[in-house]
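Structure file entry-v2.txt (compact mmCIF, C-alpha atoms) follows.
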```
# COMPACT_ATOMS: atom_id res chain seq x y z
CA MET I 1 -19.45 7.87 12.80
CA ALA I 2 -17.63 10.44 10.73
CA HIS I 3 -17.49 13.96 12.05
CA ALA I 4 -18.54 17.02 10.10
CA GLU I 5 -15.20 18.66 10.91
CA GLY I 6 -13.20 15.76 9.45
CA GLN I 7 -11.59 12.88 11.26
CA GLN I 8 -10.67 13.98 14.79
CA HIS I 9 -9.22 11.37 17.10
CA PRO I 10 -6.89 11.45 20.11
CA ILE I 11 -3.22 11.26 19.13
CA GLY I 12 -2.68 8.26 21.42
CA ILE I 13 -4.51 5.86 19.11
CA TYR I 14 -2.03 6.58 16.29
CA LEU I 15 0.94 6.00 18.57
CA LYS I 16 -0.51 2.68 19.73
CA ILE I 17 -1.15 1.49 16.17
CA TRP I 18 2.33 2.66 15.18
CA ALA I 19 3.84 0.55 17.98
CA LEU I 20 1.70 -2.43 16.97
CA LEU I 21 2.85 -2.13 13.35
CA PHE I 22 6.47 -2.11 14.54
CA ILE I 23 5.87 -5.25 16.62
CA LEU I 24 4.11 -7.05 13.76
CA SER I 25 6.86 -6.09 11.27
CA THR I 26 9.51 -7.37 13.66
CA ALA I 27 7.54 -10.59 14.07
CA SER I 28 7.28 -11.15 10.32
CA TYR I 29 11.01 -10.42 9.94
CA LEU I 30 11.78 -12.96 12.66
CA VAL I 31 9.81 -15.59 10.71
CA ASP I 32 12.51 -15.28 8.05
CA TYR I 33 15.38 -14.83 10.51
CA PHE I 34 14.62 -18.08 12.34
CA HIS I 35 14.05 -19.93 9.04
CA PHE I 36 10.52 -21.15 9.69
CA GLN I 37 9.50 -23.27 6.71
CA GLY I 38 6.40 -24.79 5.14
CA TYR I 39 2.84 -24.10 6.26
CA LEU I 40 3.90 -22.50 9.56
CA ARG I 41 5.91 -19.89 7.64
CA TRP I 42 3.11 -19.13 5.18
CA PHE I 43 0.49 -19.00 7.90
CA LEU I 44 2.52 -16.58 10.03
CA ILE I 45 3.47 -14.36 7.08
CA VAL I 46 -0.14 -14.05 5.91
CA LEU I 47 -1.41 -13.55 9.46
CA PHE I 48 1.02 -10.69 10.22
CA MET I 49 0.42 -9.20 6.76
CA LEU I 50 -3.38 -9.15 7.17
CA LEU I 51 -3.14 -7.74 10.70
CA LYS I 52 -0.86 -4.93 9.51
CA ALA I 53 -3.05 -4.20 6.49
CA GLY I 54 -6.15 -4.17 8.68
CA LEU I 55 -4.62 -1.75 11.18
CA ILE I 56 -3.43 0.62 8.47
CA VAL I 57 -6.75 0.68 6.60
CA SER I 58 -9.01 0.83 9.64
CA VAL I 59 -7.17 3.33 11.84
CA PHE I 60 -4.56 5.24 9.79
CA MET I 61 -6.92 5.56 6.82
CA HIS I 62 -9.91 6.06 9.17
CA MET I 63 -12.02 3.37 7.48
CA LEU I 64 -13.30 2.39 10.95
CA TRP I 65 -15.11 5.72 11.24
CA GLU I 66 -16.51 5.92 7.71
CA ARG I 67 -20.08 5.12 6.75
CA LEU I 68 -20.78 1.58 5.59
CA ALA I 69 -21.61 2.81 2.06
CA LEU I 70 -17.98 3.89 1.53
CA MET I 71 -16.57 0.89 3.38
CA TYR I 72 -18.44 -1.56 1.14
CA ALA I 73 -17.67 0.40 -2.05
CA ILE I 74 -13.93 -0.03 -1.36
CA LEU I 75 -13.71 -3.38 0.42
CA VAL I 76 -16.13 -5.53 -1.61
CA PRO I 77 -14.34 -5.06 -4.98
CA THR I 78 -11.04 -5.70 -3.18
CA LEU I 79 -12.36 -8.97 -1.79
CA LEU I 80 -13.49 -9.98 -5.28
CA LEU I 81 -9.78 -10.08 -6.16
CA MET I 82 -9.75 -13.44 -4.38
CA VAL I 83 -11.52 -14.86 -7.46
CA PHE I 84 -8.76 -13.43 -9.65
CA LEU I 85 -6.21 -14.97 -7.29
CA GLY I 86 -7.87 -18.37 -7.66
CA ILE I 87 -7.89 -18.11 -11.44
CA GLY I 88 -4.19 -17.15 -11.36
CA ALA I 89 -3.37 -20.19 -9.22
CA LEU I 90 -5.26 -22.51 -11.60
CA GLU I 91 -3.42 -21.01 -14.56
CA GLY I 92 -0.05 -21.34 -12.80
CA HIS I 93 -0.58 -25.00 -11.99
CA TYR I 94 -1.78 -25.70 -15.52
CA THR I 95 1.24 -23.99 -17.12
CA PHE I 96 3.60 -25.89 -14.81
CA PHE I 97 1.88 -29.17 -15.74
CA THR I 98 2.04 -28.52 -19.50
CA ARG I 99 5.68 -27.47 -19.26
CA GLY I 100 6.46 -30.76 -17.57
CA ALA I 101 4.39 -32.72 -20.08
CA PHE I 102 5.84 -31.11 -23.20
CA PHE I 103 9.36 -30.05 -22.25
CA GLY I 104 10.19 -32.40 -19.38
CA PRO I 105 12.03 -35.72 -19.66
CA GLY I 106 9.99 -38.40 -21.41
CA SER I 107 7.81 -35.98 -23.39
CA THR I 108 6.83 -36.72 -26.98
CA VAL I 109 8.19 -33.38 -28.25
CA PRO I 110 11.41 -33.90 -30.29
CA VAL I 111 14.50 -32.81 -28.39
CA GLU I 112 15.44 -30.09 -30.90
CA HIS I 113 12.09 -28.33 -30.23
CA ARG I 114 12.30 -28.42 -26.44
CA MET X 1 -34.11 35.92 -11.01
CA THR X 2 -34.20 33.85 -7.90
CA GLN X 3 -31.12 32.00 -6.87
CA PRO X 4 -31.58 28.37 -5.83
CA VAL X 5 -31.25 28.07 -2.10
CA MET X 6 -28.42 25.83 -1.05
CA THR X 7 -30.03 23.52 1.43
CA SER X 8 -28.03 20.60 2.60
CA SER X 9 -30.83 18.47 3.95
CA ALA X 10 -28.67 15.39 3.57
CA GLU X 11 -26.39 16.71 6.29
CA SER X 12 -29.00 18.12 8.63
CA LEU X 13 -31.23 15.05 8.73
CA PRO X 14 -29.97 12.15 10.80
CA LEU X 15 -28.53 9.45 8.54
CA PRO X 16 -29.59 5.85 9.12
CA GLY X 17 -26.82 3.48 10.10
CA GLY X 18 -26.02 -0.14 9.34
CA LEU X 19 -27.13 -1.98 6.21
CA HIS X 20 -30.23 0.19 6.04
CA GLY X 21 -27.82 3.14 5.79
CA VAL X 22 -25.93 1.54 2.88
CA VAL X 23 -29.17 1.16 0.90
CA ALA X 24 -30.37 4.63 1.89
CA ASP X 25 -27.03 6.26 0.91
CA TRP X 26 -26.83 4.54 -2.46
CA SER X 27 -30.50 5.00 -3.35
CA SER X 28 -30.75 8.58 -2.13
CA ASP X 29 -30.57 9.97 -5.69
CA GLN X 30 -27.87 12.30 -4.35
CA ARG X 31 -24.20 11.76 -3.70
CA ALA X 32 -23.66 8.26 -2.36
CA PHE X 33 -20.84 9.09 0.04
CA LYS X 34 -22.33 11.27 2.76
CA ASN X 35 -20.16 13.10 5.28
CA VAL X 36 -17.13 12.68 3.03
CA PRO X 37 -15.71 15.51 0.90
CA TRP X 38 -15.77 14.45 -2.73
CA GLY X 39 -11.99 14.80 -2.99
CA LYS X 40 -11.65 12.13 -0.35
CA ALA X 41 -14.18 9.84 -2.04
CA MET X 42 -12.30 10.28 -5.33
CA MET X 43 -8.99 9.46 -3.65
CA TRP X 44 -10.54 6.28 -2.25
CA ILE X 45 -11.77 5.30 -5.71
CA PHE X 46 -8.35 6.04 -7.20
CA LEU X 47 -6.77 3.89 -4.50
CA LEU X 48 -9.22 1.09 -5.34
CA SER X 49 -8.08 1.21 -8.96
CA ASP X 50 -4.46 1.25 -7.79
CA THR X 51 -5.23 -1.79 -5.63
CA PHE X 52 -6.27 -3.58 -8.80
CA ILE X 53 -3.05 -2.58 -10.58
CA PHE X 54 -0.84 -3.85 -7.76
CA SER X 55 -2.99 -6.97 -7.47
CA CYS X 56 -2.44 -7.64 -11.17
CA PHE X 57 1.32 -7.42 -10.57
CA LEU X 58 1.30 -9.62 -7.48
CA ILE X 59 -1.04 -12.22 -9.00
CA SER X 60 1.06 -12.37 -12.20
CA TYR X 61 4.12 -12.78 -9.98
CA MET X 62 2.38 -15.67 -8.21
CA THR X 63 1.46 -17.25 -11.55
CA VAL X 64 4.99 -17.09 -13.00
CA ARG X 65 6.52 -18.31 -9.77
CA MET X 66 4.15 -21.28 -9.65
CA SER X 67 4.64 -22.19 -13.29
CA THR X 68 8.41 -21.91 -13.62
CA THR X 69 10.35 -25.16 -13.79
CA GLU X 70 13.57 -23.44 -12.68
CA PRO X 71 14.26 -23.01 -8.96
CA TRP X 72 13.20 -19.61 -7.58
CA PRO X 73 16.12 -17.60 -6.10
CA ASN X 74 15.89 -17.48 -2.29
CA PRO X 75 15.04 -13.83 -1.44
CA SER X 76 16.34 -14.31 2.08
CA GLU X 77 19.84 -14.87 0.64
CA VAL X 78 19.59 -12.56 -2.38
CA PHE X 79 18.69 -9.58 -0.17
CA ALA X 80 21.11 -10.38 2.64
CA LEU X 81 23.69 -7.79 3.60
CA THR X 82 27.06 -8.32 5.22
CA LEU X 83 27.24 -6.03 8.24
CA TRP X 84 30.17 -6.10 10.68
CA GLY X 85 31.47 -9.28 9.07
CA LYS X 86 28.13 -11.06 9.57
CA LYS X 87 25.67 -12.00 6.86
CA ILE X 88 22.22 -10.84 7.98
CA PRO X 89 19.26 -11.98 5.86
CA LEU X 90 16.84 -9.36 4.51
CA ILE X 91 18.17 -6.67 6.84
CA LEU X 92 17.91 -3.83 4.32
CA ILE X 93 14.30 -4.75 3.51
CA ALA X 94 13.48 -4.87 7.23
CA ILE X 95 14.94 -1.39 7.74
CA MET X 96 13.02 -0.12 4.69
CA THR X 97 9.83 -1.55 6.20
CA PHE X 98 10.42 0.25 9.49
CA VAL X 99 11.21 3.50 7.68
CA LEU X 100 7.98 3.33 5.69
CA ILE X 101 5.88 2.42 8.74
CA SER X 102 7.41 5.33 10.65
CA SER X 103 6.54 7.65 7.79
CA SER X 104 2.96 6.36 7.97
CA GLY X 105 2.90 7.16 11.68
CA THR X 106 4.13 10.72 11.19
CA MET X 107 1.63 11.14 8.35
CA ALA X 108 -1.26 10.07 10.59
CA MET X 109 -0.13 12.61 13.19
CA ALA X 110 0.19 15.30 10.53
CA VAL X 111 -3.46 14.73 9.53
CA ASN X 112 -4.44 14.99 13.17
CA PHE X 113 -2.55 18.24 13.79
CA GLY X 114 -3.86 19.55 10.48
CA TYR X 115 -7.46 19.28 11.65
CA ARG X 116 -6.39 21.07 14.84
CA LYS X 117 -5.07 23.85 12.56
CA ASP X 118 -1.61 23.57 14.12
CA ARG X 119 0.30 24.81 11.11
CA VAL X 120 3.88 24.45 12.31
CA LYS X 121 3.47 20.95 13.75
CA THR X 122 1.63 19.75 10.62
CA PHE X 123 4.38 21.22 8.43
CA ILE X 124 7.17 19.57 10.43
CA LEU X 125 5.39 16.19 10.48
CA LEU X 126 4.73 16.34 6.74
CA LEU X 127 8.38 17.19 6.14
CA ILE X 128 9.54 14.27 8.32
CA THR X 129 7.17 12.01 6.36
CA ALA X 130 8.66 13.23 3.07
CA ALA X 131 12.20 12.76 4.41
CA LEU X 132 11.44 9.18 5.48
CA GLY X 133 9.87 8.52 2.07
CA ALA X 134 12.97 9.89 0.34
CA THR X 135 15.13 7.69 2.60
CA PHE X 136 13.07 4.70 1.52
CA VAL X 137 13.56 5.51 -2.18
CA GLY X 138 17.29 6.02 -1.55
CA MET X 139 17.59 2.62 0.07
CA GLN X 140 15.66 1.09 -2.79
CA ALA X 141 18.09 2.68 -5.27
CA PHE X 142 20.94 1.12 -3.26
CA GLU X 143 19.17 -2.25 -3.34
CA TRP X 144 18.63 -2.04 -7.11
CA THR X 145 22.27 -1.05 -7.70
CA LYS X 146 23.51 -3.98 -5.61
CA LEU X 147 21.19 -6.39 -7.39
CA ILE X 148 22.06 -5.19 -10.89
CA PHE X 149 25.82 -4.74 -10.55
CA GLU X 150 26.81 -7.29 -7.91
CA GLU X 151 24.24 -10.06 -8.29
CA GLY X 152 23.76 -9.64 -12.04
CA VAL X 153 19.96 -9.67 -11.90
CA ARG X 154 18.28 -8.55 -15.13
CA PRO X 155 14.60 -8.49 -16.15
CA TRP X 156 15.32 -11.35 -18.55
CA GLY X 157 17.49 -13.51 -16.33
CA ASN X 158 19.80 -13.91 -13.37
CA PRO X 159 22.54 -16.33 -12.32
CA MET X 160 20.55 -17.69 -9.34
CA GLY X 161 17.61 -19.38 -11.02
CA ALA X 162 14.26 -18.56 -12.58
CA ALA X 163 14.45 -15.70 -15.09
CA GLN X 164 11.03 -14.40 -13.95
CA PHE X 165 12.56 -13.33 -10.62
CA GLY X 166 14.12 -10.22 -12.16
CA SER X 167 11.13 -9.16 -14.22
CA ALA X 168 8.71 -9.55 -11.29
CA PHE X 169 11.11 -7.80 -8.91
CA PHE X 170 11.84 -4.77 -11.10
CA MET X 171 8.19 -4.39 -12.13
CA ILE X 172 6.70 -4.60 -8.65
CA THR X 173 9.28 -2.68 -6.63
CA GLY X 174 9.78 -0.20 -9.47
CA PHE X 175 6.09 0.63 -9.59
CA HIS X 176 5.96 0.91 -5.81
CA GLY X 177 9.07 3.10 -5.72
CA THR X 178 7.48 5.38 -8.33
CA HIS X 179 4.44 5.71 -6.08
CA VAL X 180 6.66 6.63 -3.13
CA SER X 181 8.57 9.20 -5.21
CA ILE X 182 5.36 10.86 -6.43
CA GLY X 183 4.12 10.81 -2.83
CA VAL X 184 7.27 12.60 -1.62
CA ILE X 185 6.79 15.35 -4.21
CA PHE X 186 3.14 15.86 -3.23
CA LEU X 187 4.01 15.75 0.49
CA ILE X 188 6.42 18.63 -0.03
CA ILE X 189 3.78 20.59 -1.99
CA VAL X 190 1.16 20.04 0.73
CA ALA X 191 3.73 20.90 3.45
CA ILE X 192 4.49 24.24 1.76
CA LYS X 193 0.77 24.98 1.40
CA VAL X 194 0.27 24.29 5.10
CA LEU X 195 3.18 26.49 6.20
CA ARG X 196 2.15 29.39 3.95
CA GLY X 197 -1.34 29.28 5.45
CA ASP X 198 -2.99 28.52 2.11
CA LEU X 199 -5.33 26.14 3.87
CA ASP X 200 -6.28 28.54 6.69
CA HIS X 201 -7.02 31.34 4.24
CA GLU X 202 -8.69 29.02 1.69
CA ARG X 203 -6.44 30.25 -1.12
CA PRO X 204 -7.15 28.55 -4.45
CA GLY X 205 -4.70 25.84 -5.48
CA PHE X 206 -2.29 26.49 -8.36
CA LEU X 207 -3.52 23.52 -10.37
CA THR X 208 -7.18 22.97 -9.55
CA GLY X 209 -8.14 26.43 -8.34
CA ARG X 210 -10.12 24.84 -5.51
CA LYS X 211 -10.27 26.47 -2.11
CA GLY X 212 -7.56 25.28 0.24
CA LYS X 213 -8.87 23.14 3.09
CA TYR X 214 -7.27 20.90 5.70
CA GLU X 215 -9.02 17.90 4.18
CA ILE X 216 -6.27 17.87 1.53
CA VAL X 217 -3.84 16.79 4.25
CA GLU X 218 -6.09 13.83 5.00
CA ILE X 219 -6.44 13.00 1.29
CA MET X 220 -2.65 13.13 0.96
CA GLY X 221 -2.51 10.87 4.00
CA LEU X 222 -4.80 8.31 2.37
CA TYR X 223 -2.40 8.08 -0.58
CA TRP X 224 0.63 7.80 1.67
CA HIS X 225 -0.89 5.10 3.88
CA PHE X 226 -1.84 3.20 0.75
CA VAL X 227 1.79 3.21 -0.39
CA ASP X 228 2.70 1.75 3.00
CA LEU X 229 -0.14 -0.77 2.65
CA VAL X 230 1.14 -1.98 -0.72
CA TRP X 231 4.59 -2.42 0.80
CA VAL X 232 3.09 -4.68 3.49
CA PHE X 233 1.91 -7.03 0.72
CA ILE X 234 5.14 -6.80 -1.31
CA PHE X 235 7.19 -7.49 1.84
CA ALA X 236 5.09 -10.57 2.65
CA PHE X 237 4.73 -12.04 -0.83
CA PHE X 238 7.96 -11.11 -2.57
CA TYR X 239 10.58 -10.96 0.17
CA LEU X 240 9.31 -13.38 2.82
CA TRP X 241 7.52 -16.04 0.76
```

Would you give me this structure, written as structure tokens?
Amino acid sequence: MAHAEGQQHPIGIYLKIWALLFILSTASYLVDYFHFQGYLRWFLIVLFMLLKAGLIVSVFMHMLWERLALMYAILVPTLLLMVFLGIGALEGHYTFFTRGAFFGPGSTVPVEHR
Amino acid sequence: MTQPVMTSSAESLPLPGGLHGVVADWSSDQRAFKNVPWGKAMMWIFLLSDTFIFSCFLISYMTVRMSTTEPWPNPSEVFALTLWGKKIPLILIAIMTFVLISSSGTMAMAVNFGYRKDRVKTFILLLITAALGATFVGMQAFEWTKLIFEEGVRPWGNPMGAAQFGSAFFMITGFHGTHVSIGVIFLIIVAIKVLRGDLDHERPGFLTGRKGKYEIVEIMGLYWHFVDLVWVFIFAFFYLW
């Protein structure tokens, strides 16, 4: 739990996390360097991204040692952004579909208005 | 007149843990965030609001990238640099990532030495953090210059494909770069406060008039790590996707 004197931890834990972040960044760079494509690429990118984000928030920002009340106050609204993300994806697909339907080849819109 | 006695029963009584603790903290009819200085709680809440701002940018970027009928420029090629006669994809962005992660590492150590009241070490680490942050902004300026003058990328269009590429790029990286720049300025201010001993002697701050305490180094650190955190998402979604 949190200490009264502020967050006091051995220096070694920061060095270890620092090294881990370097390894994970290198790994995500290599995903691009070796031209991984498709679902493998997306899976690896998101995996390395979430691991890095988790390490930064939990150790560097000391979230691991905070009380649950603060943890939930910050993390729950952030997770709710997933809903927003879903809505954005729906909207994106819909716009793409309507663009194809109205401005694509074979649409009923007169050419001069496309 | 009797003065109210300052009892801090919330601190002296043992606090329940787990989910029971969450309910107890929030329903205590006192401050909800126990064991945390209010400056730190406020920084967390500010960072939450900033999370929403950057999420708005990244989700809008996703939406325009999904909905465009033009091909999206390949970031791996757009951000490639020719070094020693070889074209290396994304190399500048990779270096920027390492610079920012290193600055996060030195920041974490600065917080640690701050709580140990090691003034000189905290000052040096804060200064290294600021220098790395400034390096990052410098490299970003180089990247922007290359993109604008050599590649011809504009917020309203570019020769490589979808026009939304430029607007999303300048908006997202510009906002992030602004955050880094503001962070560098505040890092230097905090570093000077540490070196002068303002925090040891609890001298009031020039702006807020609050007593100087080493918790401000940690609060500064929260902001700085957040800037690094946002970069993790920008790197993944904008440059690697």

Item checked: Residue nearest I:Met49 - candidates I:Ile23, I:Arg67, I:Tyr33, I:Met61, atoms counted: only C-alpha atoms -> I:Ile23

Next item on the list: Grab the atom CA of I:Lys52 to atom CA of I:Leu21 distance for me, in Å with one decimal place.
Entry: 6.0 Å

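Among X:Thr173, X:Ser49, X:Ser67, X:Ser27, the residue with the shortest atom-to-atom distance to chain I, counting all atoms listed in the file, is X:Ser67.
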
Report as a tab-separated table the residues of chain X within 8 Å of chain I, each with its shortest atom pair and distance in Å (one decimal), using all atoms listed in the file, ordered by chain and increasing residue number.
```
residue	atom	partner	partner_atom	distance
X:Gly17	CA	I:Arg67	CA	7.7
X:Gly18	CA	I:Leu68	CA	6.7
X:Leu19	CA	I:Leu68	CA	7.3
X:Gly21	CA	I:Leu68	CA	7.2
X:Val22	CA	I:Ala69	CA	4.6
X:Val23	CA	I:Ala69	CA	7.8
X:Asp25	CA	I:Ala69	CA	6.5
X:Trp26	CA	I:Ala69	CA	7.1
X:Ala32	CA	I:Ala69	CA	7.3
X:Phe33	CA	I:Leu70	CA	6.1
X:Lys34	CA	I:Arg67	CA	7.7
X:Asn35	CA	I:Ala4	CA	6.4
X:Ala41	CA	I:Leu70	CA	7.9
X:Trp44	CA	I:Ile74	CA	7.2
X:Ile45	CA	I:Ile74	CA	7.2
X:Leu48	CA	I:Ile74	CA	6.3
X:Thr51	CA	I:Thr78	CA	7.4
X:Phe52	CA	I:Thr78	CA	7.7
X:Ser55	CA	I:Leu81	CA	7.6
X:Ile59	CA	I:Leu85	CA	6.1
X:Ser60	CA	I:Gly88	CA	7.1
X:Met62	CA	I:Ala89	CA	7.4
X:Thr63	CA	I:Gly92	CA	4.5
X:Val64	CA	I:Gly92	CA	6.6
X:Arg65	CA	I:Gly92	CA	7.8
X:Met66	CA	I:Gly92	CA	5.3
X:Ser67	CA	I:Phe96	CA	4.1
X:Thr68	CA	I:Phe96	CA	6.4
X:Thr69	CA	I:Phe96	CA	6.9
X:Ser76	CA	I:Asp32	CA	7.2
X:Pro89	CA	I:Tyr33	CA	6.7
X:Ala94	CA	I:Tyr29	CA	6.7
X:Thr97	CA	I:Ser25	CA	7.4
X:Phe98	CA	I:Phe22	CA	6.8
X:Ile101	CA	I:Leu21	CA	7.2
X:Ser102	CA	I:Trp18	CA	7.3
X:Ser104	CA	I:Phe60	CA	7.8
X:Gly105	CA	I:Trp18	CA	5.7
X:Ala108	CA	I:Phe60	CA	5.9
X:Met109	CA	I:Ile11	CA	6.8
X:Asn112	CA	I:Gln8	CA	6.5
X:Tyr115	CA	I:Gln8	CA	6.9
X:Glu215	CA	I:Gly6	CA	7.1
X:Gly221	CA	I:Met61	CA	7.5
X:Leu222	CA	I:Met61	CA	5.6
X:His225	CA	I:Met61	CA	6.7
X:Leu229	CA	I:Ala53	CA	5.9
X:Val232	CA	I:Met49	CA	6.2
X:Phe233	CA	I:Met49	CA	6.6
X:Ala236	CA	I:Ile45	CA	6.1
X:Leu240	CA	I:Asp32	CA	6.4
X:Trp241	CA	I:Trp42	CA	7.0
```

Could you write out that same residue set with C-alpha atoms as an mmCIF file, in the coordinates of the input?
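Saved result, selection_14.cif, follows:
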```
data_model
loop_
_atom_site.group_PDB
_atom_site.id
_atom_site.type_symbol
_atom_site.label_atom_id
_atom_site.label_comp_id
_atom_site.auth_asym_id
_atom_site.auth_seq_id
_atom_site.Cartn_x
_atom_site.Cartn_y
_atom_site.Cartn_z
ATOM 1 C CA GLY X 17 -26.820 3.480 10.100
ATOM 2 C CA GLY X 18 -26.020 -0.140 9.340
ATOM 3 C CA LEU X 19 -27.130 -1.980 6.210
ATOM 4 C CA GLY X 21 -27.820 3.140 5.790
ATOM 5 C CA VAL X 22 -25.930 1.540 2.880
ATOM 6 C CA VAL X 23 -29.170 1.160 0.900
ATOM 7 C CA ASP X 25 -27.030 6.260 0.910
ATOM 8 C CA TRP X 26 -26.830 4.540 -2.460
ATOM 9 C CA ALA X 32 -23.660 8.260 -2.360
ATOM 10 C CA PHE X 33 -20.840 9.090 0.040
ATOM 11 C CA LYS X 34 -22.330 11.270 2.760
ATOM 12 C CA ASN X 35 -20.160 13.100 5.280
ATOM 13 C CA ALA X 41 -14.180 9.840 -2.040
ATOM 14 C CA TRP X 44 -10.540 6.280 -2.250
ATOM 15 C CA ILE X 45 -11.770 5.300 -5.710
ATOM 16 C CA LEU X 48 -9.220 1.090 -5.340
ATOM 17 C CA THR X 51 -5.230 -1.790 -5.630
ATOM 18 C CA PHE X 52 -6.270 -3.580 -8.800
ATOM 19 C CA SER X 55 -2.990 -6.970 -7.470
ATOM 20 C CA ILE X 59 -1.040 -12.220 -9.000
ATOM 21 C CA SER X 60 1.060 -12.370 -12.200
ATOM 22 C CA MET X 62 2.380 -15.670 -8.210
ATOM 23 C CA THR X 63 1.460 -17.250 -11.550
ATOM 24 C CA VAL X 64 4.990 -17.090 -13.000
ATOM 25 C CA ARG X 65 6.520 -18.310 -9.770
ATOM 26 C CA MET X 66 4.150 -21.280 -9.650
ATOM 27 C CA SER X 67 4.640 -22.190 -13.290
ATOM 28 C CA THR X 68 8.410 -21.910 -13.620
ATOM 29 C CA THR X 69 10.350 -25.160 -13.790
ATOM 30 C CA SER X 76 16.340 -14.310 2.080
ATOM 31 C CA PRO X 89 19.260 -11.980 5.860
ATOM 32 C CA ALA X 94 13.480 -4.870 7.230
ATOM 33 C CA THR X 97 9.830 -1.550 6.200
ATOM 34 C CA PHE X 98 10.420 0.250 9.490
ATOM 35 C CA ILE X 101 5.880 2.420 8.740
ATOM 36 C CA SER X 102 7.410 5.330 10.650
ATOM 37 C CA SER X 104 2.960 6.360 7.970
ATOM 38 C CA GLY X 105 2.900 7.160 11.680
ATOM 39 C CA ALA X 108 -1.260 10.070 10.590
ATOM 40 C CA MET X 109 -0.130 12.610 13.190
ATOM 41 C CA ASN X 112 -4.440 14.990 13.170
ATOM 42 C CA TYR X 115 -7.460 19.280 11.650
ATOM 43 C CA GLU X 215 -9.020 17.900 4.180
ATOM 44 C CA GLY X 221 -2.510 10.870 4.000
ATOM 45 C CA LEU X 222 -4.800 8.310 2.370
ATOM 46 C CA HIS X 225 -0.890 5.100 3.880
ATOM 47 C CA LEU X 229 -0.140 -0.770 2.650
ATOM 48 C CA VAL X 232 3.090 -4.680 3.490
ATOM 49 C CA PHE X 233 1.910 -7.030 0.720
ATOM 50 C CA ALA X 236 5.090 -10.570 2.650
ATOM 51 C CA LEU X 240 9.310 -13.380 2.820
ATOM 52 C CA TRP X 241 7.520 -16.040 0.760
#
```

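The coordinates place atom CA of I:Trp65 at 26.8 Å from atom CA of X:Lys193.
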
Item checked: atom CA of X:Thr82 to atom CA of X:Met160, straight-line distance in Å -> 18.5 Å

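Minimum atom-to-atom distances from X:Ala141, X:Ile95, X:Ile185, X:Leu126 to X:Val217 were compared using all atoms listed in the file, and the lowest value belongs to X:Leu126.
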
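The residue that comes closest to X:Met171, out of X:Ile124, X:Leu132, X:Leu58, X:Ile148 and on the basis of all atoms listed in the file, is X:Leu58.
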
Margin query: Tell me which residues come within 7 Å of (-4.8, 8.4, -2.1), as a PyMOL selection string, counting all atoms listed in the file in the file's coordinates.
Written below: chain X and resi 43-44+46-47+219-224+226

Note to self: Which residues are near X:Gly177? Cut-off 10 Å, all atoms listed in the file, ignore same chain within fewer than 3 positions. Put them as an NGL selection string.
What the structure shows: :X and (133-134 or 136-138 or 140-141 or 170-174 or 180-183 or 227 or 231)
